[in-house]
Amino acid sequence: VYESYNWCSHKGLPITEDGMMIGYKGVSIYSGEDRTDKMGNTLTEGDMVDKYTGNSFRNNVGDTCEMNRRQVSDDCGQGCAAGLHVGTFDYANSWAGNGGAVVLVKFNPADIVSVPTDCEHQKMRVSKYEVVSIAREQLEEEVYDDEVNMQDLYDLLNGLDF
């Protein structure tokens with residue numbers, strides 16, 4: 001609980017109206033033959049996957065990734081360790097690199113296991129999250145509303161060149 005406050009207050013990351021938290025995750029784009037990930041999802045060319053292994057967890061919008069809480073490292077002094085990693089926008093964006101993507105993930109604060117100190121509280125390890133969207137930019141609101149505002153969507157689409 002103490003460690004999670006450092007992460008949450010780091011950049012004023014948003015919460016949802018139902019008390020869940022929103023974070024970012026840098027992911028890779030899968031290439032290779034079809035296979036099954038740890039959640040039983042079929043991985044196909046173009047799917048978003050965890051960056052570390054490139055095939056353990058599919059991270060497409062709507063996917064839920066989960067692992068046994070006891071398998072997630074609770075040692076905040078260890079930077080790279082087992083767990084599902086969630087970060088700030090800057091951290092996730094740098095982790096994704098040029099060939100990857102950044103997704104928004106929603107998680108229950110009860111699923112936070114540890115906040116490593118090696119990168120100034122910019123990432124944490126959780127035992128479960130849901131991929132809710134592709135992150136286009138850093139969120140500025142304190143409360144995340146995942147309902148689409150049709151006027152905002154129209155304004156966004158109107159400004160794009162096709």
# chains A, B, ... in the order shown; residues from 1 in each chain; ligands from 1
$ closest_atom_pairs --of "segment 50-126 of chain A" --to "segment 24-28 of chain A" --cutoff "12 Å" --atoms "only C-alpha atoms" --output "tab-separated table"
residue	atom	partner	partner_atom	distance
A:Asp50	CA	A:Val27	CA	5.1
A:Lys51	CA	A:Val27	CA	4.9
A:Tyr52	CA	A:Val27	CA	8.5
A:Thr53	CA	A:Ser28	CA	9.4
A:Gly54	CA	A:Ser28	CA	6.6
A:Asn55	CA	A:Ser28	CA	9.3
A:Ser56	CA	A:Ser28	CA	11.4
A:Phe57	CA	A:Val27	CA	9.9
A:Arg58	CA	A:Val27	CA	9.2
A:Asn59	CA	A:Val27	CA	7.4
A:Asn60	CA	A:Val27	CA	9.6
A:Val61	CA	A:Val27	CA	11.9
A:Cys65	CA	A:Lys25	CA	11.9
A:Leu84	CA	A:Lys25	CA	9.4
A:His85	CA	A:Lys25	CA	7.1
A:Val86	CA	A:Lys25	CA	5.3
A:Gly87	CA	A:Tyr24	CA	5.1
A:Thr88	CA	A:Tyr24	CA	5.7
A:Phe89	CA	A:Tyr24	CA	5.6
A:Asp90	CA	A:Tyr24	CA	8.8
A:Tyr91	CA	A:Gly26	CA	8.0
A:Ala92	CA	A:Gly26	CA	4.3
A:Asn93	CA	A:Gly26	CA	5.9
A:Ser94	CA	A:Gly26	CA	7.6
A:Trp95	CA	A:Gly26	CA	5.3
A:Ala96	CA	A:Gly26	CA	4.2
A:Gly97	CA	A:Gly26	CA	7.9
A:Asn98	CA	A:Ser28	CA	9.6
A:Gly99	CA	A:Ser28	CA	6.8
A:Gly100	CA	A:Ser28	CA	4.4
A:Ala101	CA	A:Val27	CA	5.4
A:Val102	CA	A:Gly26	CA	4.6
A:Val103	CA	A:Lys25	CA	5.3
A:Leu104	CA	A:Tyr24	CA	4.7
A:Val105	CA	A:Tyr24	CA	5.8
A:Lys106	CA	A:Tyr24	CA	8.7
A:Phe107	CA	A:Tyr24	CA	10.6
A:Gln122	CA	A:Tyr24	CA	10.1
A:Lys123	CA	A:Tyr24	CA	9.0
A:Met124	CA	A:Tyr24	CA	10.4
A:Arg125	CA	A:Lys25	CA	11.2
A:Val126	CA	A:Lys25	CA	11.8
$ select_by_dssp --residues "segment 34-119 of chain A" --states "alpha helix (DSSP H)" --output "ChimeraX atom specification"
/A:89-96
$ select_by_dssp --residues "segment 29-129 of chain A" --states "strand (DSSP E)" --output "ChimeraX atom specification"
/A:29,35-36,42-43,48-50,64-66,84-87,101-107,112-114,123-126,128-129
$ residues_around --residues "Gly46 of chain A" --least-positions-apart "4" --cutoff "9 Å" --atoms "only C-alpha atoms" --output "ChimeraX atom specification"
/A:29-31
$ write_last_selection --atoms "N, CA and C atoms" --output "PDB file, in the first residue's frame"
ATOM      1  N   ILE A  29       4.610  -5.671 -31.210  1.00  0.00           N
ATOM      2  CA  ILE A  29       3.680  -6.223 -32.194  1.00  0.00           C
ATOM      3  C   ILE A  29       4.177  -7.624 -32.543  1.00  0.00           C
ATOM      4  N   TYR A  30       3.305  -8.607 -32.386  1.00  0.00           N
ATOM      5  CA  TYR A  30       3.678 -10.007 -32.590  1.00  0.00           C
ATOM      6  C   TYR A  30       3.892 -10.309 -34.065  1.00  0.00           C
ATOM      7  N   SER A  31       4.941 -11.063 -34.329  1.00  0.00           N
ATOM      8  CA  SER A  31       5.142 -11.605 -35.668  1.00  0.00           C
ATOM      9  C   SER A  31       5.629 -13.037 -35.501  1.00  0.00           C
TER      10      SER A  31
END
$ decode --residues "segment 107-119 of chain A" --atoms "all heavy atoms" --output "mmCIF file, in the first residue's frame"
data_model
loop_
_atom_site.group_PDB
_atom_site.id
_atom_site.type_symbol
_atom_site.label_atom_id
_atom_site.label_comp_id
_atom_site.auth_asym_id
_atom_site.auth_seq_id
_atom_site.Cartn_x
_atom_site.Cartn_y
_atom_site.Cartn_z
ATOM 1 N N PHE A 107 -6.669 -1.469 -13.728
ATOM 2 C CA PHE A 107 -6.412 -2.497 -12.721
ATOM 3 C C PHE A 107 -6.953 -2.073 -11.366
ATOM 4 O O PHE A 107 -7.128 -0.887 -11.084
ATOM 5 C CB PHE A 107 -4.916 -2.819 -12.639
ATOM 6 C CG PHE A 107 -4.049 -1.640 -12.300
ATOM 7 C CD1 PHE A 107 -3.657 -1.395 -10.990
ATOM 8 C CD2 PHE A 107 -3.635 -0.778 -13.288
ATOM 9 C CE1 PHE A 107 -2.864 -0.302 -10.683
ATOM 10 C CE2 PHE A 107 -2.830 0.311 -12.990
ATOM 11 C CZ PHE A 107 -2.446 0.549 -11.681
ATOM 12 N N ASN A 108 -7.218 -3.063 -10.553
ATOM 13 C CA ASN A 108 -7.705 -2.846 -9.195
ATOM 14 C C ASN A 108 -6.510 -2.521 -8.307
ATOM 15 O O ASN A 108 -5.504 -3.228 -8.357
ATOM 16 C CB ASN A 108 -8.407 -4.119 -8.716
ATOM 17 C CG ASN A 108 -9.134 -3.935 -7.412
ATOM 18 O OD1 ASN A 108 -8.691 -3.225 -6.514
ATOM 19 N ND2 ASN A 108 -10.271 -4.591 -7.309
ATOM 20 N N PRO A 109 -6.586 -1.478 -7.487
ATOM 21 C CA PRO A 109 -5.475 -1.175 -6.578
ATOM 22 C C PRO A 109 -5.099 -2.376 -5.692
ATOM 23 O O PRO A 109 -3.943 -2.502 -5.293
ATOM 24 C CB PRO A 109 -5.990 -0.015 -5.734
ATOM 25 C CG PRO A 109 -7.076 0.609 -6.552
ATOM 26 C CD PRO A 109 -7.664 -0.503 -7.373
ATOM 27 N N ALA A 110 -6.044 -3.265 -5.435
ATOM 28 C CA ALA A 110 -5.764 -4.459 -4.623
ATOM 29 C C ALA A 110 -4.818 -5.416 -5.338
ATOM 30 O O ALA A 110 -4.215 -6.282 -4.702
ATOM 31 C CB ALA A 110 -7.067 -5.177 -4.274
ATOM 32 N N ASP A 111 -4.659 -5.269 -6.664
ATOM 33 C CA ASP A 111 -3.778 -6.148 -7.437
ATOM 34 C C ASP A 111 -2.345 -5.618 -7.550
ATOM 35 O O ASP A 111 -1.506 -6.241 -8.194
ATOM 36 C CB ASP A 111 -4.360 -6.384 -8.834
ATOM 37 C CG ASP A 111 -5.643 -7.199 -8.792
ATOM 38 O OD1 ASP A 111 -5.742 -8.093 -7.918
ATOM 39 O OD2 ASP A 111 -6.543 -6.943 -9.607
ATOM 40 N N ILE A 112 -2.063 -4.469 -6.914
ATOM 41 C CA ILE A 112 -0.697 -3.940 -6.902
ATOM 42 C C ILE A 112 0.135 -4.805 -5.955
ATOM 43 O O ILE A 112 -0.269 -5.074 -4.825
ATOM 44 C CB ILE A 112 -0.662 -2.480 -6.420
ATOM 45 C CG1 ILE A 112 -1.460 -1.584 -7.372
ATOM 46 C CG2 ILE A 112 0.780 -1.990 -6.291
ATOM 47 C CD1 ILE A 112 -1.684 -0.175 -6.843
ATOM 48 N N VAL A 113 1.306 -5.238 -6.429
ATOM 49 C CA VAL A 113 2.182 -6.076 -5.604
ATOM 50 C C VAL A 113 3.417 -5.295 -5.159
ATOM 51 O O VAL A 113 3.771 -5.312 -3.990
ATOM 52 C CB VAL A 113 2.578 -7.373 -6.340
ATOM 53 C CG1 VAL A 113 3.518 -8.209 -5.488
ATOM 54 C CG2 VAL A 113 1.328 -8.166 -6.709
ATOM 55 N N SER A 114 4.081 -4.590 -6.070
ATOM 56 C CA SER A 114 5.260 -3.818 -5.669
ATOM 57 C C SER A 114 5.553 -2.699 -6.659
ATOM 58 O O SER A 114 5.151 -2.751 -7.818
ATOM 59 C CB SER A 114 6.488 -4.712 -5.521
ATOM 60 O OG SER A 114 6.845 -5.285 -6.747
ATOM 61 N N VAL A 115 6.268 -1.699 -6.156
ATOM 62 C CA VAL A 115 6.689 -0.555 -6.964
ATOM 63 C C VAL A 115 8.206 -0.470 -6.877
ATOM 64 O O VAL A 115 8.753 -0.005 -5.874
ATOM 65 C CB VAL A 115 6.047 0.754 -6.464
ATOM 66 C CG1 VAL A 115 6.486 1.927 -7.328
ATOM 67 C CG2 VAL A 115 4.531 0.644 -6.441
ATOM 68 N N PRO A 116 8.912 -0.947 -7.906
ATOM 69 C CA PRO A 116 10.371 -0.914 -7.876
ATOM 70 C C PRO A 116 10.914 0.515 -7.752
ATOM 71 O O PRO A 116 10.373 1.445 -8.336
ATOM 72 C CB PRO A 116 10.774 -1.524 -9.221
ATOM 73 C CG PRO A 116 9.590 -2.339 -9.630
ATOM 74 C CD PRO A 116 8.397 -1.596 -9.107
ATOM 75 N N THR A 117 11.973 0.652 -6.998
ATOM 76 C CA THR A 117 12.574 1.962 -6.761
ATOM 77 C C THR A 117 13.613 2.329 -7.804
ATOM 78 O O THR A 117 14.083 3.457 -7.824
ATOM 79 C CB THR A 117 13.232 1.996 -5.375
ATOM 80 O OG1 THR A 117 14.212 0.952 -5.311
ATOM 81 C CG2 THR A 117 12.209 1.808 -4.267
ATOM 82 N N ASP A 118 13.962 1.411 -8.700
ATOM 83 C CA ASP A 118 15.065 1.646 -9.645
ATOM 84 C C ASP A 118 14.785 2.692 -10.702
ATOM 85 O O ASP A 118 15.694 3.208 -11.316
ATOM 86 C CB ASP A 118 15.478 0.335 -10.313
ATOM 87 C CG ASP A 118 14.448 -0.187 -11.293
ATOM 88 O OD1 ASP A 118 13.242 -0.042 -11.023
ATOM 89 O OD2 ASP A 118 14.850 -0.755 -12.325
ATOM 90 N N CYS A 119 13.545 3.029 -10.946
ATOM 91 C CA CYS A 119 13.241 3.988 -12.012
ATOM 92 C C CYS A 119 12.337 5.113 -11.495
ATOM 93 O O CYS A 119 11.431 5.551 -12.196
ATOM 94 C CB CYS A 119 12.639 3.284 -13.213
ATOM 95 S SG CYS A 119 11.133 2.412 -12.834
#
